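Listing of final-v7.cif; format and content: mmCIF, C-alpha atoms and all ligand atoms.
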data_data
#
loop_
_atom_site.label_atom_id
_atom_site.label_comp_id
_atom_site.auth_asym_id
_atom_site.auth_seq_id
_atom_site.Cartn_x
_atom_site.Cartn_y
_atom_site.Cartn_z
CA MET S 13 -28.87 26.68 38.11
CA ALA S 14 -31.78 24.26 37.86
CA LEU S 15 -34.86 25.10 35.88
CA LEU S 16 -37.26 27.26 37.82
CA GLU S 17 -40.95 27.27 36.97
CA GLN S 18 -43.22 29.99 38.30
CA SER S 19 -46.37 31.94 37.49
CA ASP S 20 -46.51 35.50 36.20
CA ARG S 21 -48.98 38.11 37.48
CA ASN S 22 -51.63 36.80 35.06
CA GLY S 23 -51.22 33.23 36.31
CA ASN S 24 -49.35 32.06 33.22
CA VAL S 25 -46.38 29.76 33.74
CA TYR S 26 -42.88 30.88 32.79
CA ARG S 27 -39.52 29.21 33.21
CA ILE S 28 -36.13 30.57 34.16
CA ARG S 29 -33.11 28.50 33.20
CA ASP S 30 -29.46 28.74 32.25
CA ALA S 31 -29.04 29.81 28.64
CA VAL S 32 -27.58 27.22 26.26
CA PRO S 33 -25.79 27.95 22.95
CA GLU S 34 -29.02 27.25 21.00
CA ASP S 35 -30.59 30.27 22.77
CA ALA S 36 -28.00 32.63 21.29
CA PRO S 37 -30.11 33.97 18.35
CA PHE S 38 -33.03 34.75 20.68
CA ILE S 39 -30.83 36.49 23.25
CA VAL S 40 -29.24 38.58 20.49
CA GLU S 41 -32.67 39.41 19.06
CA ILE S 42 -33.96 40.68 22.42
CA LEU S 43 -30.86 42.75 23.18
CA THR S 44 -30.81 44.18 19.67
CA LYS S 45 -34.49 45.17 19.83
CA VAL S 46 -34.24 46.65 23.33
CA GLY S 47 -31.12 48.52 22.19
CA GLN S 48 -33.04 49.93 19.25
CA GLU S 49 -35.78 51.19 21.57
CA GLY S 50 -33.09 53.66 22.56
CA ILE S 51 -34.10 54.48 26.14
CA TYR S 52 -33.31 51.48 28.33
CA ILE S 53 -29.79 50.20 27.70
CA ALA S 54 -26.60 51.75 26.35
CA ASN S 55 -26.25 49.30 23.42
CA GLU S 56 -27.76 50.89 20.31
CA GLY S 57 -28.79 47.75 18.49
CA HIS S 58 -25.35 46.64 17.32
CA TYR S 59 -25.09 43.74 19.71
CA MET S 60 -22.76 40.79 19.08
CA SER S 61 -23.69 38.22 16.44
CA ALA S 62 -25.57 35.04 17.34
CA GLU S 63 -22.37 33.07 16.65
CA GLN S 64 -20.38 35.25 19.03
CA GLN S 65 -23.08 34.94 21.69
CA ALA S 66 -23.10 31.14 21.25
CA GLN S 67 -19.32 31.11 21.79
CA VAL S 68 -19.74 33.16 24.96
CA LEU S 69 -22.23 30.58 26.19
CA VAL S 70 -19.91 27.68 25.32
CA ARG S 71 -16.87 29.26 26.98
CA ARG S 72 -18.40 30.91 30.02
CA ASP S 73 -17.06 29.90 33.43
CA PRO S 74 -20.17 29.03 35.49
CA GLU S 75 -18.53 30.30 38.69
CA ILE S 76 -17.90 33.72 37.13
CA HIS S 77 -20.55 34.25 34.52
CA LEU S 78 -24.29 33.61 34.64
CA ILE S 79 -26.59 33.96 31.63
CA LEU S 80 -30.25 33.20 32.25
CA VAL S 81 -33.28 33.23 29.99
CA ALA S 82 -36.96 33.61 30.85
CA GLU S 83 -39.12 31.47 28.62
CA GLN S 84 -42.86 31.52 28.18
CA GLY S 85 -44.36 28.78 26.04
CA SER S 86 -41.62 28.14 23.51
CA ARG S 87 -40.59 31.80 23.40
CA ILE S 88 -37.64 33.40 25.12
CA VAL S 89 -38.89 36.75 26.40
CA GLY S 90 -36.08 37.90 28.66
CA THR S 91 -32.47 37.47 29.63
CA LEU S 92 -30.15 38.38 32.50
CA GLU S 93 -26.36 38.38 32.52
CA MET S 94 -24.41 38.55 35.78
CA VAL S 95 -20.63 38.65 35.96
CA ARG S 96 -18.61 38.16 39.11
CA GLY S 97 -15.43 40.12 39.85
CA ILE S 98 -12.42 38.02 38.83
CA PHE S 99 -9.89 39.34 41.36
CA GLN S 100 -9.47 38.47 45.03
CA LYS S 101 -10.25 42.13 45.65
CA ASN S 102 -13.68 42.06 44.02
CA ARG S 103 -14.79 38.45 43.81
CA HIS S 104 -17.39 39.24 46.48
CA THR S 105 -19.18 41.43 43.91
CA ALA S 106 -21.11 40.86 40.69
CA ASN S 107 -22.57 43.20 38.07
CA PHE S 108 -25.64 42.45 36.05
CA GLY S 109 -27.74 43.66 33.17
CA MET S 110 -31.15 42.43 32.14
CA ALA S 111 -33.76 42.98 29.47
CA LEU S 112 -37.24 41.74 28.70
CA ALA S 113 -38.78 41.88 25.25
CA PRO S 114 -41.73 44.34 25.23
CA GLU S 115 -44.25 41.48 25.42
CA GLY S 116 -42.54 40.10 28.54
CA ARG S 117 -42.72 43.29 30.59
CA GLY S 118 -45.11 44.23 33.37
CA ARG S 119 -45.83 40.70 34.59
CA GLY S 120 -43.17 39.98 37.20
CA LEU S 121 -40.66 38.21 34.94
CA GLY S 122 -38.02 40.83 35.72
CA GLU S 123 -38.30 40.01 39.41
CA GLY S 124 -38.15 36.28 38.68
CA LEU S 125 -34.97 36.65 36.65
CA LEU S 126 -33.25 38.87 39.18
CA LEU S 127 -34.14 36.67 42.17
CA ALA S 128 -32.72 33.69 40.25
CA GLY S 129 -29.54 35.74 39.75
CA HIS S 130 -29.43 36.39 43.50
CA ASP S 131 -29.74 32.63 44.15
CA TRP S 132 -26.73 31.93 41.91
CA ALA S 133 -24.75 34.67 43.64
CA ARG S 134 -25.60 33.36 47.12
CA GLN S 135 -24.42 29.87 46.18
CA LEU S 136 -21.04 31.38 45.31
CA ALA S 137 -20.95 33.53 48.46
CA ILE S 138 -21.10 36.72 46.40
CA GLN S 139 -22.17 39.46 48.77
CA LYS S 140 -22.69 42.60 46.72
CA ILE S 141 -24.68 42.89 43.49
CA CYS S 142 -24.24 46.04 41.39
CA LEU S 143 -25.90 47.62 38.39
CA SER S 144 -26.14 50.79 36.39
CA VAL S 145 -29.48 52.24 35.26
CA PHE S 146 -30.67 55.38 33.46
CA SER S 147 -32.44 57.84 35.81
CA SER S 148 -35.38 57.90 33.37
CA ASN S 149 -35.99 54.14 33.70
CA GLN S 150 -38.55 54.30 36.48
CA ALA S 151 -39.84 50.72 36.03
CA ALA S 152 -36.33 49.31 36.46
CA ILE S 153 -35.54 51.57 39.43
CA ARG S 154 -38.79 50.57 41.14
CA LEU S 155 -38.04 46.88 40.64
CA TYR S 156 -34.47 47.19 41.95
CA THR S 157 -35.53 49.29 44.94
CA ARG S 158 -38.25 46.78 45.84
CA LEU S 159 -35.63 44.01 45.82
CA GLY S 160 -33.33 45.92 48.19
CA TYR S 161 -31.07 47.94 45.90
CA GLU S 162 -29.96 51.42 46.95
CA GLU S 163 -28.35 54.21 45.01
CA GLU S 164 -24.63 54.45 45.73
CA GLY S 165 -23.50 56.81 43.01
CA ARG S 166 -24.66 58.97 40.15
CA ARG S 167 -22.98 60.32 37.03
CA LYS S 168 -24.97 63.33 35.98
CA ASN S 169 -26.08 63.79 32.35
CA GLN S 170 -24.10 60.72 31.34
CA PHE S 171 -26.53 59.78 28.56
CA LEU S 172 -28.56 61.64 25.96
CA LEU S 173 -31.79 59.74 25.30
CA ASN S 174 -33.95 61.06 22.46
CA GLY S 175 -32.82 64.62 23.16
CA SER S 176 -33.13 64.49 26.97
CA TRP S 177 -30.29 64.12 29.44
CA ALA S 178 -30.33 61.16 31.82
CA ASP S 179 -28.10 60.44 34.79
CA GLU S 180 -26.40 57.09 35.17
CA ILE S 181 -27.40 55.75 38.58
CA LEU S 182 -25.20 53.12 40.21
CA MET S 183 -27.18 50.87 42.54
CA ALA S 184 -26.17 47.97 44.75
CA CYS S 185 -27.69 45.38 47.04
CA TYR S 186 -26.01 43.30 49.76
CA LEU S 187 -27.08 39.68 49.86
CA SER S 188 -25.50 38.34 53.02
CA VAL S 189 -26.07 39.31 56.62
CA ALA S 190 -22.39 40.25 56.91
CA PRO S 191 -22.04 44.01 57.38
CA ALA S 192 -20.71 46.01 54.46
CA PRO S 193 -16.99 46.74 54.85
C1 LIG Z 1 -36.92 46.94 33.70
C2 LIG Z 1 -37.52 45.57 33.58
C3 LIG Z 1 -36.43 44.50 33.75
C4 LIG Z 1 -38.54 45.42 34.72
O1 LIG Z 1 -39.11 44.12 34.69
P1 LIG Z 1 -40.71 43.94 34.71
O2 LIG Z 1 -41.00 42.51 34.98
O3 LIG Z 1 -41.28 44.56 33.49
O4 LIG Z 1 -41.05 44.79 36.01
P2 LIG Z 1 -42.44 45.09 36.70
O5 LIG Z 1 -43.57 44.91 35.77
O6 LIG Z 1 -42.47 44.30 37.97
O7 LIG Z 1 -42.31 46.64 37.01
C5 LIG Z 1 -41.47 47.12 38.00
C6 LIG Z 1 -42.19 48.24 38.73
O8 LIG Z 1 -42.20 49.40 37.88
C7 LIG Z 1 -43.55 49.88 37.77
N1 LIG Z 1 -43.64 50.47 36.44
C8 LIG Z 1 -43.82 49.85 35.26
N2 LIG Z 1 -43.80 50.75 34.26
C9 LIG Z 1 -43.56 51.95 34.82
C10 LIG Z 1 -43.42 53.26 34.33
N3 LIG Z 1 -43.49 53.53 33.02
N4 LIG Z 1 -43.16 54.28 35.21
C11 LIG Z 1 -43.06 54.02 36.53
N5 LIG Z 1 -43.19 52.79 37.07
C12 LIG Z 1 -43.44 51.77 36.22
C13 LIG Z 1 -44.41 48.67 38.01
O9 LIG Z 1 -45.71 49.05 38.45
C14 LIG Z 1 -43.63 47.97 39.10
O10 LIG Z 1 -43.85 48.64 40.33
P3 LIG Z 1 -43.80 47.88 41.74
O11 LIG Z 1 -42.39 47.32 41.86
O12 LIG Z 1 -44.09 48.92 42.73
O13 LIG Z 1 -44.80 46.78 41.63
C15 LIG Z 1 -38.24 45.35 32.21
O14 LIG Z 1 -39.36 46.19 32.14
C16 LIG Z 1 -37.33 45.58 31.01
O15 LIG Z 1 -36.63 44.68 30.61
N6 LIG Z 1 -37.36 46.80 30.44
C17 LIG Z 1 -36.58 47.10 29.23
C18 LIG Z 1 -35.06 46.90 29.39
C19 LIG Z 1 -34.54 47.53 30.67
O16 LIG Z 1 -34.98 48.57 31.11
N7 LIG Z 1 -33.58 46.83 31.30
C20 LIG Z 1 -32.98 47.28 32.54
C21 LIG Z 1 -31.87 48.24 32.27
S1 LIG Z 1 -31.10 48.76 33.81
#
Structure encoded using structure tokens:
Amino acid sequence: MALLEQSDRNGNVYRIRDAVPEDAPFIVEILTKVGQEGIYIANEGHYMSAEQQAQVLVRRDPEIHLILVAEQGSRIVGTLEMVRGIFQKNRHTANFGMALAPEGRGRGLGEGLLLAGHDWARQLAIQKICLSVFSSNQAAIRLYTRLGYEEEGRRKNQFLLNGSWADEILMACYLSVAPAP
């Protein structure tokens, strides 16, 4: 996708663009740190190496696999990964995960990243976008609900986060006007 420039809630410009191999160390740093926070994503801080991430970026098929970064100034503060189903049976779907560094949160960058992911999906005629989120992650659930996602499944007590149980909530959003099958 082309570079997208927009303003955050404080009026500061940020950019959303396709990740390139040179972004790999910054993507790994964000996902490692967010993993170490322990309450937002399943990864526990042992994410792939920067070299492995760079290889993923070199090899990715742009019709199957989207990796975006959100950049403010010269700093990458967020990333989104969306992967389309690879079979005829599920190529109308895509799953995504996203994470902002702590300093990138609360300013609308999450919405910017996800809407850019929707644009990519629409261009490929992907109709259904899916995700999994911890029931304790109210900021994420609010964002997804505001953008049209609805709960379609729940695995109870699927995660233990700092001593408290959390459900895994499966959410999905339909992008096209075509009715759900
Ligand atoms: C989840 C995340 C992507 C949201 O992006 P963001 O740009 O920070 O989102 P916003 O600031 O627009 O916040 C989303 C909503 O949650 C609300 N919110 C923020 N913190 C909250 C909290 N602690 N409790 C409840 N609501 C909260 C905001 O007011 C906003 O509400 P609105 O949609 O009604 O305006 C981002 O915070 C993040 O990366 N968090 C850490 C990693 C993570 O959780 N990834 C997603 C895993 S599924």
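Environment of ligand LIG 1 (chain Z), defined as every protein or nucleic acid residue with an atom within 6 Å of it and counting all atoms listed in the file, comprises S:Tyr52, S:Ile53, S:Met110, S:Ala111, S:Leu112, S:Arg117, S:Gly118, S:Arg119, S:Gly120, S:Leu121, S:Gly122, S:Glu123, S:Ser144, S:Val145, S:Gln150, S:Ala151, S:Ala152, S:Arg154, S:Leu155, S:Arg158.
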Name the residues in contact with Ala128 (chain S) at a cut-off of 9 Å, using all atoms listed in the file, excluding same-chain residues fewer than 5 positions from it; report them as a PyMOL selection string.
chain S and resi 13+16+28-29+80+123+133
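From CA of Tyr161 (chain S) back to CA of Ala54 (chain S), the distance works out to 20.4 Å.
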Using only C-alpha atoms, which of the listed residues (S:Ser19, S:Gln67, S:Gln84, S:Asn169) sits closest to Ser148 (chain S)?
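The shortest atom-to-atom distance to Ser148 (chain S) comes from S:Asn169.
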Tell me which of S:Leu15, S:Ala178, S:Val95, S:Ala137 sits closest to Pro74 (chain S), counting all atoms listed in the file.
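Checking each candidate against Pro74 (chain S), we get S:Val95 as the closest.
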Select, from S:Glu49, S:Glu180, S:Glu93, S:Glu56, the residue with the minimum atom-to-atom distance to Asp30 (chain S), counting all atoms listed in the file.
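Going through S:Glu49, S:Glu180, S:Glu93, S:Glu56 one by one, the smallest distance to Asp30 (chain S) is for S:Glu93.
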